[in-house]
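Have a look at target22.cif below; it lists mmCIF, C-alpha atoms.
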data_model
loop_
_atom_site.label_atom_id
_atom_site.label_comp_id
_atom_site.auth_asym_id
_atom_site.auth_seq_id
_atom_site.Cartn_x
_atom_site.Cartn_y
_atom_site.Cartn_z
CA MET A 1 5.62 5.10 12.30
CA GLU A 2 2.15 3.67 12.87
CA THR A 3 -0.25 6.57 13.21
CA CYS A 4 -2.92 4.82 15.24
CA ILE A 5 -3.02 1.98 17.72
CA LYS A 6 -5.66 1.49 20.37
CA ASN A 7 -3.81 -0.74 22.77
CA PRO A 8 -0.53 0.14 24.57
CA ALA A 9 0.32 -3.57 24.75
CA LEU A 10 1.00 -3.44 21.01
CA PHE A 11 4.10 -1.20 21.31
CA PRO A 12 6.60 -4.12 21.54
CA ILE A 13 4.92 -5.76 18.54
CA LEU A 14 5.19 -2.54 16.52
CA LYS A 15 8.98 -2.69 16.85
CA LYS A 16 8.98 -6.31 15.69
CA ILE A 17 6.96 -5.67 12.58
CA GLY A 18 9.02 -2.74 11.38
CA TYR A 19 7.73 0.46 12.96
CA SER A 20 9.86 2.66 15.14
CA GLU A 21 7.00 4.32 16.98
CA GLY A 22 3.25 4.51 17.25
CA ILE A 23 0.60 7.03 18.24
CA LEU A 24 -1.71 5.72 20.91
CA GLU A 25 -5.43 6.45 20.72
CA GLU A 26 -5.76 6.96 24.48
CA VAL A 27 -5.78 10.40 26.05
CA ASN A 28 -4.84 9.45 29.61
CA SER A 29 -1.82 7.28 28.89
CA GLN A 30 1.85 7.98 29.56
CA SER A 31 2.78 7.40 25.95
CA ARG A 32 4.99 9.93 24.17
CA TRP A 33 2.53 10.41 21.33
CA ARG A 34 -1.16 10.39 22.10
CA ARG A 35 -4.12 11.11 19.91
CA VAL A 36 -7.85 11.40 20.01
CA THR A 37 -10.32 10.97 17.18
CA ILE A 38 -13.45 13.07 17.51
CA PRO A 39 -16.35 12.05 15.29
CA PHE A 40 -18.79 14.94 15.07
CA SER A 41 -21.50 16.58 13.04
CA ASP A 42 -22.04 19.55 15.36
CA PRO A 43 -19.15 22.10 15.39
CA GLU A 44 -20.04 23.42 18.84
CA GLY A 45 -19.80 19.94 20.38
CA PHE A 46 -16.43 19.44 18.69
CA ARG A 47 -15.09 22.76 19.98
CA ARG A 48 -16.02 21.88 23.56
CA ARG A 49 -14.47 18.40 23.34
CA ALA A 50 -11.28 19.50 21.56
CA SER A 51 -10.57 22.25 24.07
CA SER A 52 -10.80 19.79 26.96
CA PHE A 53 -7.66 17.91 25.88
CA GLU A 54 -4.07 18.81 26.75
CA LYS A 55 -1.91 20.56 24.17
CA ASN A 56 0.25 17.52 23.47
CA VAL A 57 -2.70 15.35 22.48
CA LEU A 58 -3.03 15.16 18.70
CA VAL A 59 -6.59 15.83 17.63
CA PHE A 60 -7.94 13.95 14.61
CA ALA A 61 -11.35 15.08 13.41
CA LYS A 62 -13.85 12.74 11.85
CA PRO A 63 -16.48 15.05 10.34
CA LEU A 64 -19.74 13.40 9.43
CA ASN A 65 -21.11 16.13 7.16
CA ARG A 66 -19.84 18.97 4.96
CA GLN A 67 -20.42 21.70 7.51
CA ALA A 68 -18.41 19.71 10.06
CA LEU A 69 -15.64 19.20 7.50
CA ARG A 70 -15.45 22.95 6.83
CA TYR A 71 -15.24 23.61 10.56
CA ALA A 72 -12.60 20.93 11.15
CA LEU A 73 -10.42 22.31 8.36
CA SER A 74 -10.52 25.79 9.85
CA GLN A 75 -9.30 24.56 13.25
CA GLU A 76 -5.57 24.77 13.92
CA ARG A 77 -5.84 22.11 16.61
CA VAL A 78 -6.94 19.51 14.07
CA ILE A 79 -3.97 17.58 12.69
CA ALA A 80 -5.77 15.41 10.17
CA ILE A 81 -9.17 14.49 8.85
CA THR A 82 -10.11 10.86 9.43
CA ILE A 83 -11.92 9.04 6.66
CA ASP A 84 -13.54 5.64 6.82
CA ASN A 85 -16.71 3.87 5.64
CA ASP A 86 -18.97 6.40 7.45
CA ASN A 87 -17.75 9.65 5.93
CA TRP A 88 -15.85 8.92 2.71
CA MET A 89 -18.56 10.69 0.70
CA LEU A 90 -17.11 14.01 1.96
CA LEU A 91 -14.30 13.53 -0.54
CA THR A 92 -16.59 13.36 -3.54
CA ARG A 93 -16.96 17.13 -3.97
CA ARG A 94 -14.35 19.27 -5.63
CA ALA A 95 -15.03 22.15 -3.24
CA SER A 96 -14.19 19.96 -0.22
CA LEU A 97 -11.01 18.72 -1.86
CA ASN A 98 -9.98 22.28 -2.67
CA MET A 99 -10.51 23.26 0.95
CA ILE A 100 -8.39 20.36 2.21
CA ARG A 101 -5.61 21.34 -0.18
CA GLN A 102 -5.76 25.02 0.77
CA GLN A 103 -5.57 24.26 4.49
CA GLY A 104 -2.79 21.71 3.95
CA LYS A 105 -4.38 19.18 6.30
CA LEU A 106 -3.54 15.52 6.09
CA VAL A 107 -6.17 12.88 5.47
CA GLU A 108 -6.08 9.69 7.48
CA VAL A 109 -7.66 6.56 6.04
CA TYR A 110 -8.22 3.47 8.14
CA MET A 111 -6.90 0.26 6.68
CA SER A 112 -10.13 -1.34 7.87
CA ALA A 113 -12.02 0.81 5.35
CA SER A 114 -13.35 -1.10 2.39
CA SER A 115 -11.23 -1.70 -0.69
CA GLY A 116 -13.57 0.55 -2.66
CA ILE A 117 -12.76 3.54 -0.46
CA ILE A 118 -9.02 2.93 -0.57
CA PHE A 119 -9.30 2.59 -4.36
CA LYS A 120 -11.09 5.95 -4.53
CA VAL A 121 -8.75 7.76 -2.14
CA ILE A 122 -5.55 6.75 -3.96
CA PRO A 123 -6.05 8.91 -7.10
CA LEU A 124 -7.22 11.82 -4.92
CA ALA A 125 -4.07 11.56 -2.82
CA TYR A 126 -1.95 12.21 -5.91
CA LYS A 127 -3.45 15.63 -6.46
CA TRP A 128 -5.34 16.98 -3.49
CA PHE A 129 -3.86 15.99 -0.17
CA ASN A 130 -1.23 14.06 1.75
CA VAL A 131 -2.59 10.83 3.09
CA VAL A 132 -1.66 8.45 5.89
CA PHE A 133 -2.98 4.94 6.29
CA SER A 134 -3.58 3.74 9.84
CA SER A 135 -4.21 0.28 11.24
CA CYS A 136 -6.03 1.54 14.37
CA ALA A 137 -5.52 -1.89 15.85
CA SER A 138 -6.71 -2.93 19.27
CA ASP A 139 -5.40 -6.42 18.76
CA MET A 140 -2.23 -7.93 17.27
CA THR A 141 -4.14 -9.51 14.39
CA GLN A 142 -5.45 -6.12 13.24
CA LEU A 143 -1.98 -4.64 12.78
CA TRP A 144 -0.65 -4.00 9.30
CA PRO A 145 3.12 -4.42 8.82
CA PRO A 146 4.53 -1.56 6.67
CA LEU A 147 5.55 -3.83 3.78
CA SER A 148 2.09 -5.37 3.63
CA LYS A 149 0.58 -1.88 3.72
CA VAL A 150 2.71 -0.77 0.75
CA ASN A 151 1.81 -3.84 -1.27
CA TYR A 152 -1.87 -3.54 -0.34
CA LEU A 153 -1.87 0.01 -1.75
CA VAL A 154 0.04 -1.13 -4.84
CA ILE A 155 -2.54 -3.78 -5.67
CA HIS A 156 -5.20 -1.09 -5.27
CA GLY A 157 -3.53 0.90 -8.04
CA ALA A 158 -0.95 3.11 -6.33
CA ASP A 159 2.58 3.54 -7.68
CA GLU A 160 5.20 1.91 -5.53
CA GLU A 161 7.05 5.19 -4.96
CA GLU A 162 3.91 6.95 -3.81
CA ALA A 163 2.81 4.06 -1.61
CA ILE A 164 6.22 4.03 0.09
CA ARG A 165 5.98 7.80 0.62
CA TRP A 166 2.50 7.50 2.13
CA VAL A 167 3.48 4.68 4.48
CA TYR A 168 7.00 5.71 5.50
CA ASP A 169 7.25 9.51 5.04
CA ASN A 170 3.82 10.98 5.64
CA PRO A 171 3.48 9.89 9.30
CA SER A 172 6.65 11.87 10.05
CA LYS A 173 5.15 14.84 8.21
CA LEU A 174 2.13 14.51 10.44
CA LEU A 175 4.30 14.84 13.52
CA LEU A 176 6.19 17.76 12.00
CA TYR A 177 2.87 19.44 11.32
CA ALA A 178 1.80 18.75 14.90
CA SER A 179 4.96 20.18 16.41
CA SER A 180 4.98 23.33 14.25
CA MET B 1 6.05 7.85 -78.83
CA ILE B 2 5.40 10.57 -76.29
CA ILE B 3 3.10 8.23 -74.36
CA GLN B 4 5.78 5.47 -74.40
CA VAL B 5 8.45 7.82 -73.02
CA SER B 6 6.26 8.98 -70.20
CA TYR B 7 5.36 5.32 -69.40
CA TYR B 8 9.05 4.33 -69.16
CA SER B 9 9.93 7.41 -67.15
CA MET B 10 7.09 6.64 -64.71
CA LEU B 11 8.29 3.06 -64.41
CA ALA B 12 11.83 4.25 -63.72
CA LEU B 13 10.58 6.71 -61.14
CA ASP B 14 8.57 3.94 -59.44
CA ILE B 15 11.64 1.71 -59.31
CA VAL B 16 13.72 4.53 -57.82
CA ILE B 17 11.07 5.26 -55.20
CA ILE B 18 10.71 1.56 -54.32
CA GLY B 19 14.48 1.26 -54.05
CA TRP B 20 14.68 4.34 -51.86
CA LEU B 21 11.92 3.06 -49.59
CA ALA B 22 13.66 -0.31 -49.34
CA VAL B 23 16.89 1.42 -48.30
CA LEU B 24 15.02 3.52 -45.71
CA THR B 25 13.24 0.45 -44.32
CA TYR B 26 16.50 -1.44 -44.07
CA VAL B 27 18.26 1.42 -42.28
CA THR B 28 15.34 1.99 -39.93
CA LEU B 29 15.10 -1.64 -38.92
CA ARG B 30 18.84 -2.11 -38.74
CA LYS B 31 19.39 0.88 -36.47
CA ASN B 32 16.30 0.15 -34.35
CA TYR B 33 14.64 3.48 -35.03
CA ILE B 34 11.27 1.80 -34.53
CA PHE B 35 10.73 1.05 -30.87
CA ALA B 36 8.40 -1.87 -30.95
CA LYS B 37 7.63 -3.12 -27.43
CA LYS B 38 9.19 -6.51 -27.15
CA VAL B 39 7.74 -8.78 -24.53
CA LYS B 40 10.97 -10.02 -23.09
CA ASN B 41 9.96 -10.58 -19.50
CA LYS B 42 7.07 -12.94 -20.08
CA ARG B 43 9.11 -15.82 -18.77
CA ASN B 44 10.34 -13.83 -15.81
CA LEU B 45 6.81 -13.58 -14.46
CA LYS B 46 7.00 -17.28 -13.82
CA SER B 47 10.33 -17.02 -12.05
CA LYS B 48 10.28 -17.85 -8.39
CA ARG B 49 10.17 -15.45 -5.48
CA TYR B 50 10.78 -16.49 -1.90
CA ILE B 51 9.16 -14.48 0.88
CA ILE B 52 10.83 -14.82 4.26
CA PHE B 53 8.36 -14.28 7.04
CA GLU B 54 8.13 -14.26 10.79
CA LEU B 55 5.10 -15.50 12.63
CA LEU B 56 3.94 -13.57 15.67
CA VAL B 57 1.85 -15.72 17.93
CA ASP B 58 1.12 -15.92 21.65
CA GLU B 59 3.62 -18.00 23.61
CA LYS B 60 0.91 -20.42 24.74
CA ASP B 61 -0.20 -21.07 21.14
CA ARG B 62 3.27 -21.87 19.78
CA ASP B 63 2.58 -25.58 19.57
CA LYS B 64 -0.61 -25.12 17.59
CA VAL B 65 1.09 -23.76 14.48
CA ASP B 66 2.87 -25.92 11.94
CA GLN B 67 3.86 -25.68 8.28
CA ASN B 68 0.60 -27.11 6.92
CA SER B 69 -1.65 -24.88 9.00
CA ILE B 70 0.34 -21.77 7.98
CA ASN B 71 0.13 -22.90 4.36
CA ALA B 72 -3.66 -23.19 4.62
CA ALA B 73 -3.91 -19.79 6.34
CA VAL B 74 -1.79 -18.05 3.68
CA LYS B 75 -3.83 -19.58 0.86
CA GLY B 76 -7.05 -18.61 2.64
CA ALA B 77 -5.78 -15.04 3.06
CA VAL B 78 -4.88 -14.65 -0.63
CA LYS B 79 -8.26 -16.09 -1.61
CA GLU B 80 -10.05 -13.75 0.79
CA LEU B 81 -8.37 -10.63 -0.58
CA LEU B 82 -8.00 -11.36 -4.28
CA GLY B 83 -10.04 -14.46 -5.03
CA LYS B 84 -9.43 -17.83 -6.59
CA MET B 85 -7.84 -16.43 -9.75
CA TRP B 86 -4.97 -14.72 -7.96
CA LEU B 87 -4.57 -17.66 -5.61
CA GLU B 88 -3.87 -19.83 -8.63
CA ILE B 89 -1.65 -17.23 -10.30
CA SER B 90 0.46 -16.54 -7.23
CA ASP B 91 0.39 -20.16 -6.04
CA PRO B 92 1.82 -19.51 -2.55
CA LYS B 93 3.34 -22.44 -0.68
CA VAL B 94 5.02 -22.50 2.69
CA ILE B 95 8.08 -24.55 1.82
CA PHE B 96 9.91 -24.19 5.09
CA PHE B 97 8.99 -23.29 8.67
CA ASP B 98 11.26 -23.30 11.69
CA LYS B 99 9.22 -23.84 14.85
CA ARG B 100 11.95 -22.55 17.16
CA SER B 101 12.48 -19.17 15.54
CA LEU B 102 8.94 -19.02 14.10
CA LYS B 103 10.40 -18.00 10.77
CA GLY B 104 9.65 -19.52 7.42
CA ILE B 105 9.75 -19.22 3.65
CA ILE B 106 6.82 -18.89 1.25
CA SER B 107 7.47 -19.72 -2.39
CA THR B 108 5.53 -17.77 -5.00
CA ASN B 109 6.29 -16.17 -8.37
CA ARG B 110 7.08 -12.74 -9.72
CA ALA B 111 3.55 -12.21 -10.94
CA GLY B 112 1.96 -12.72 -7.57
CA TYR B 113 4.41 -11.97 -4.77
CA LYS B 114 2.93 -8.52 -4.11
CA ALA B 115 -0.52 -10.05 -3.82
CA VAL B 116 0.81 -12.58 -1.32
CA ILE B 117 2.59 -9.95 0.82
CA ALA B 118 -0.52 -7.73 0.80
CA SER B 119 -2.71 -10.67 1.83
CA LEU B 120 -0.61 -11.85 4.77
CA PRO B 121 -2.34 -9.61 7.40
CA PHE B 122 -5.60 -11.37 6.50
CA ALA B 123 -4.23 -14.59 7.96
CA LYS B 124 -5.43 -13.71 11.44
CA GLU B 125 -5.96 -17.17 12.84
CA ILE B 126 -3.87 -20.28 12.39
CA ASN B 127 -5.21 -23.52 13.83
CA GLY B 128 -7.24 -21.53 16.37
CA ALA B 129 -4.28 -19.39 17.45
CA LYS B 130 -4.31 -15.64 16.91
CA ALA B 131 -1.40 -14.81 14.64
CA LEU B 132 0.21 -12.16 12.49
CA ILE B 133 2.51 -13.00 9.58
CA VAL B 134 5.17 -10.36 9.02
CA THR B 135 7.23 -10.19 5.84
CA ILE B 136 10.94 -9.82 6.50
CA ARG B 137 12.36 -9.93 2.98
CA THR B 138 11.83 -11.20 -0.54
CA THR B 139 14.53 -12.91 -2.57
CA GLY B 140 14.83 -14.64 -5.93
CA SER B 141 16.66 -17.77 -4.84
CA PHE B 142 16.04 -20.37 -2.19
CA LYS B 143 19.73 -20.48 -1.36
CA ARG B 144 19.75 -16.79 -0.53
CA ALA B 145 16.51 -17.13 1.44
CA LYS B 146 18.11 -19.84 3.58
CA LYS B 147 21.17 -17.65 4.05
CA ILE B 148 19.00 -14.78 5.29
CA MET B 149 17.38 -17.17 7.76
CA ASN B 150 20.86 -18.26 8.95
CA MET B 151 20.27 -21.86 7.89
#

Please lay out the structure from this file as C-alpha cells.
Amino acid sequence: METCIKNPALFPILKKIGYSEGILEEVNSQSRWRRVTIPFSDPEGFRRRASSFEKNVLVFAKPLNRQALRYALSQERVIAITIDNDNWMLLTRRASLNMIRQQGKLVEVYMSASSGIIFKVIPLAYKWFNVVFSSCASDMTQLWPPLSKVNYLVIHGADEEEAIRWVYDNPSKLLLYASS
Amino acid sequence: MIIQVSYYSMLALDIVIIGWLAVLTYVTLRKNYIFAKKVKNKRNLKSKRYIIFELLVDEKDRDKVDQNSINAAVKGAVKELLGKMWLEISDPKVIFFDKRSLKGIISTNRAGYKAVIASLPFAKEINGAKALIVTIRTTGSFKRAKKIMNM
C-alpha cells in the first residue's frame, strides 16, 4: 500500500507498479482512504483544523517544533507524525523519541526527503518507532515502486528484512491503527 | 653431571611439547576448528544479473522512447543517485527493449543490481517524455529473463 498520493489519477498506475491500494491526500474525494497532513507549530490551530475533518479522514501531523510534537503525540486523532526536510530535527532528542515510542505512533518519512535524513531515520526506526515511507506523488514520475523503495532503503544502510517490513507491512499497520 | 641431565631432560620436554603442538595444529586444521573467513564469492560479484522492467509512459509519447534513450536515462539515474563510481561498478546496459509491450531487460552485475533498482525512479524523463521505470523481476540468466518476458 502506498501511504500518500496527491492525485487520484495515479490510482491505476499504483496497481501497475505493485501496490494494491493508496491513501489519497485530498479530503473531499470519494476515495476509500483519505488523509490530510497538517503542518503546524501552534497546537490551538491544529485542534481547530483537525476537528473540522470527518472521522474517516486520516490525520497526519507535521509538527514544526517540540511543543507541537508533544501535542500531536497526545492526540488520538493523529495517526502518524510526518517528517521531512523541514522538521527532521525533532528526532534528534532522546526525550522526543521516548515520547513517540510510548505513544506508539508511526513516523512517516517522505521519499523526497534528502538522503541524509533517510540515513538518519533508518537506525532510529530499529529502536524507537515504526516507520512508513511515502512517495506523496502528484505526478507519475514522482512515484516510487515498492521494489525500488526497498532497494533505496537498503543502499542507505537498512537490512533487507527491515526494509521489506517498512515498505510492505507497516502501511497495513497504519490502517489497523486507524481503524482501532 | 647434574647440569647435563637437566639439559637433556629439558630438551626432551621441549621435543614432546613441540610434537604435541604439532599434533594439535594438525588436528585443528584438519577438522576445520579454525573458522577463517574464506572469500569464496569474490567472483560471484561479477556474475550477471538481469533486471526485467516495464516502462510507464504516456500513450502520446510512446514513439519517443527507444533502447538507446532508456539506456542513457538509466545510466543518468544511477549517476545522479550514487555517482560515477557506482555507475562504473554496476555498469547497467539496456540489452533489450520491446516497443510494443514497453518491457525490457537491463544487464548489470551482482555487486550493483540493488543500486540500479534503487536508481530507476530517478529516470523521470526519457527523450523528453515523462516516464517511470518499474522493476518487475531480477534473474541470473538471460534465458530465464527472456522466458519471463514471454519471448

Worksheet item: When the cut-off is 6 Å and we count all atoms listed in the file, which residues of chain B are near chain A, given as a list in words?
Response: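 Per the criterion, chain B yields Lys114, Ile117, Ala118, Lys124, Ala131 and Leu132 of chain B.
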
Practice prompt. For the structure provided, state which residues fall under the PyMOL selection byres ((chain B and resi 57) around 8), and present them as number ranges by chain.
Written response: B: 55-56, 58-59, 61-62, 129-132

Fill in: Residues returned when the PyMOL selection byres ((chain B and resi 81) around 12) runs on this file, as a ChimeraX atom specification
/A:114-115,152,155-156 /B:74-80,82-87,115-123

Item to complete: Enumerate, as a ChimeraX atom specification, the residues matched when the PyMOL selection byres ((chain A and resi 171) around 9) is run on the file above.
Response: /A:1-3,131-133,166-170,172-176

Item to complete: Compile the contact shell of Arg94 (chain A) as a PyMOL selection string: residues with an atom at most 10 Å away, counting only C-alpha atoms, same-chain residues fewer than 5 positions apart removed.
Response: chain A and resi 99-100+128

File of the preceding selection, C-alpha atoms, as a compact mmCIF listing (two decimals), keeping the file's coordinate frame:
# COMPACT_ATOMS: atom_id res chain seq x y z
CA MET A 99 -10.51 23.26 0.95
CA ILE A 100 -8.39 20.36 2.21
CA TRP A 128 -5.34 16.98 -3.49

Practice prompt. Rank A:Ala72, A:Glu21, A:Leu124, A:Trp33 by their smallest atom-to-atom distance to Gly45 (chain A), using all atoms listed in the file, and report the top residue only.
Written response: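 Between A:Ala72, A:Glu21, A:Leu124, A:Trp33, the residue approaching Gly45 (chain A) most closely is A:Ala72.
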
Discussion item. Just to confirm, what's the straight-line distance from CA of Asp159 (chain A) to CA of Ala61 (chain A) in Å (one decimal)?
Written reply: 27.8 Å

Could you model N, CA and C atoms for region 91-121 of chain B and present them as a JSON list (two decimals), in the coordinates of the input?
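Below is the file that was written, part-v9.json:
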[["chain", "number", "residue", "atom", "x", "y", "z"],
["B", 91, "ASP", "N", 0.04, -18.82, -6.50],
["B", 91, "ASP", "CA", 0.39, -20.16, -6.04],
["B", 91, "ASP", "C", 1.34, -20.17, -4.84],
["B", 92, "PRO", "N", 0.91, -19.56, -3.70],
["B", 92, "PRO", "CA", 1.82, -19.51, -2.55],
["B", 92, "PRO", "C", 1.92, -20.86, -1.83],
["B", 93, "LYS", "N", 3.13, -21.20, -1.44],
["B", 93, "LYS", "CA", 3.34, -22.44, -0.68],
["B", 93, "LYS", "C", 4.35, -22.18, 0.42],
["B", 94, "VAL", "N", 4.03, -22.60, 1.61],
["B", 94, "VAL", "CA", 5.02, -22.50, 2.69],
["B", 94, "VAL", "C", 5.96, -23.69, 2.54],
["B", 95, "ILE", "N", 7.19, -23.42, 2.11],
["B", 95, "ILE", "CA", 8.08, -24.55, 1.82],
["B", 95, "ILE", "C", 9.01, -24.86, 2.99],
["B", 96, "PHE", "N", 9.05, -23.93, 3.94],
["B", 96, "PHE", "CA", 9.91, -24.19, 5.09],
["B", 96, "PHE", "C", 9.37, -23.40, 6.29],
["B", 97, "PHE", "N", 9.37, -24.02, 7.46],
["B", 97, "PHE", "CA", 8.99, -23.29, 8.67],
["B", 97, "PHE", "C", 9.79, -23.83, 9.85],
["B", 98, "ASP", "N", 10.45, -22.92, 10.53],
["B", 98, "ASP", "CA", 11.26, -23.30, 11.69],
["B", 98, "ASP", "C", 10.46, -22.99, 12.95],
["B", 99, "LYS", "N", 10.10, -24.02, 13.68],
["B", 99, "LYS", "CA", 9.22, -23.84, 14.85],
["B", 99, "LYS", "C", 9.91, -23.08, 15.98],
["B", 100, "ARG", "N", 11.24, -23.21, 16.05],
["B", 100, "ARG", "CA", 11.95, -22.55, 17.16],
["B", 100, "ARG", "C", 11.99, -21.04, 16.98],
["B", 101, "SER", "N", 12.38, -20.62, 15.77],
["B", 101, "SER", "CA", 12.48, -19.17, 15.54],
["B", 101, "SER", "C", 11.18, -18.57, 15.02],
["B", 102, "LEU", "N", 10.23, -19.43, 14.70],
["B", 102, "LEU", "CA", 8.94, -19.02, 14.10],
["B", 102, "LEU", "C", 9.14, -18.24, 12.80],
["B", 103, "LYS", "N", 10.17, -18.63, 12.07],
["B", 103, "LYS", "CA", 10.40, -18.00, 10.77],
["B", 103, "LYS", "C", 10.22, -19.03, 9.67],
["B", 104, "GLY", "N", 9.86, -18.58, 8.51],
["B", 104, "GLY", "CA", 9.65, -19.52, 7.42],
["B", 104, "GLY", "C", 9.79, -18.87, 6.06],
["B", 105, "ILE", "N", 9.60, -19.70, 5.03],
["B", 105, "ILE", "CA", 9.75, -19.22, 3.65],
["B", 105, "ILE", "C", 8.50, -19.61, 2.86],
["B", 106, "ILE", "N", 7.96, -18.62, 2.15],
["B", 106, "ILE", "CA", 6.82, -18.89, 1.25],
["B", 106, "ILE", "C", 7.35, -18.80, -0.18],
["B", 107, "SER", "N", 7.05, -19.81, -0.98],
["B", 107, "SER", "CA", 7.47, -19.72, -2.39],
["B", 107, "SER", "C", 6.28, -19.22, -3.22],
["B", 108, "THR", "N", 6.56, -18.29, -4.11],
["B", 108, "THR", "CA", 5.53, -17.77, -5.00],
["B", 108, "THR", "C", 6.23, -17.39, -6.31],
["B", 109, "ASN", "N", 5.62, -16.57, -7.13],
["B", 109, "ASN", "CA", 6.29, -16.17, -8.37],
["B", 109, "ASN", "C", 6.27, -14.66, -8.53],
["B", 110, "ARG", "N", 6.94, -14.19, -9.56],
["B", 110, "ARG", "CA", 7.08, -12.74, -9.72],
["B", 110, "ARG", "C", 5.76, -12.05, -10.01],
["B", 111, "ALA", "N", 4.85, -12.81, -10.60],
["B", 111, "ALA", "CA", 3.55, -12.21, -10.94],
["B", 111, "ALA", "C", 2.72, -11.95, -9.68],
["B", 112, "GLY", "N", 2.91, -12.79, -8.67],
["B", 112, "GLY", "CA", 1.96, -12.72, -7.57],
["B", 112, "GLY", "C", 2.54, -12.43, -6.19],
["B", 113, "TYR", "N", 3.85, -12.11, -6.11],
["B", 113, "TYR", "CA", 4.41, -11.97, -4.77],
["B", 113, "TYR", "C", 3.86, -10.76, -4.02],
["B", 114, "LYS", "N", 3.50, -9.71, -4.78],
["B", 114, "LYS", "CA", 2.93, -8.52, -4.11],
["B", 114, "LYS", "C", 1.56, -8.86, -3.54],
["B", 115, "ALA", "N", 0.81, -9.64, -4.29],
["B", 115, "ALA", "CA", -0.52, -10.05, -3.82],
["B", 115, "ALA", "C", -0.39, -10.87, -2.54],
["B", 116, "VAL", "N", 0.63, -11.73, -2.51],
["B", 116, "VAL", "CA", 0.81, -12.58, -1.32],
["B", 116, "VAL", "C", 1.19, -11.72, -0.11],
["B", 117, "ILE", "N", 2.14, -10.79, -0.32],
["B", 117, "ILE", "CA", 2.59, -9.95, 0.82],
["B", 117, "ILE", "C", 1.42, -9.10, 1.33],
["B", 118, "ALA", "N", 0.62, -8.56, 0.39],
["B", 118, "ALA", "CA", -0.52, -7.73, 0.80],
["B", 118, "ALA", "C", -1.57, -8.54, 1.54],
["B", 119, "SER", "N", -1.65, -9.84, 1.23],
["B", 119, "SER", "CA", -2.71, -10.67, 1.83],
["B", 119, "SER", "C", -2.33, -11.20, 3.21],
["B", 120, "LEU", "N", -1.04, -11.18, 3.53],
["B", 120, "LEU", "CA", -0.61, -11.85, 4.77],
["B", 120, "LEU", "C", -1.32, -11.35, 6.05],
["B", 121, "PRO", "N", -1.61, -10.03, 6.18],
["B", 121, "PRO", "CA", -2.34, -9.61, 7.40],
["B", 121, "PRO", "C", -3.75, -10.19, 7.51]]
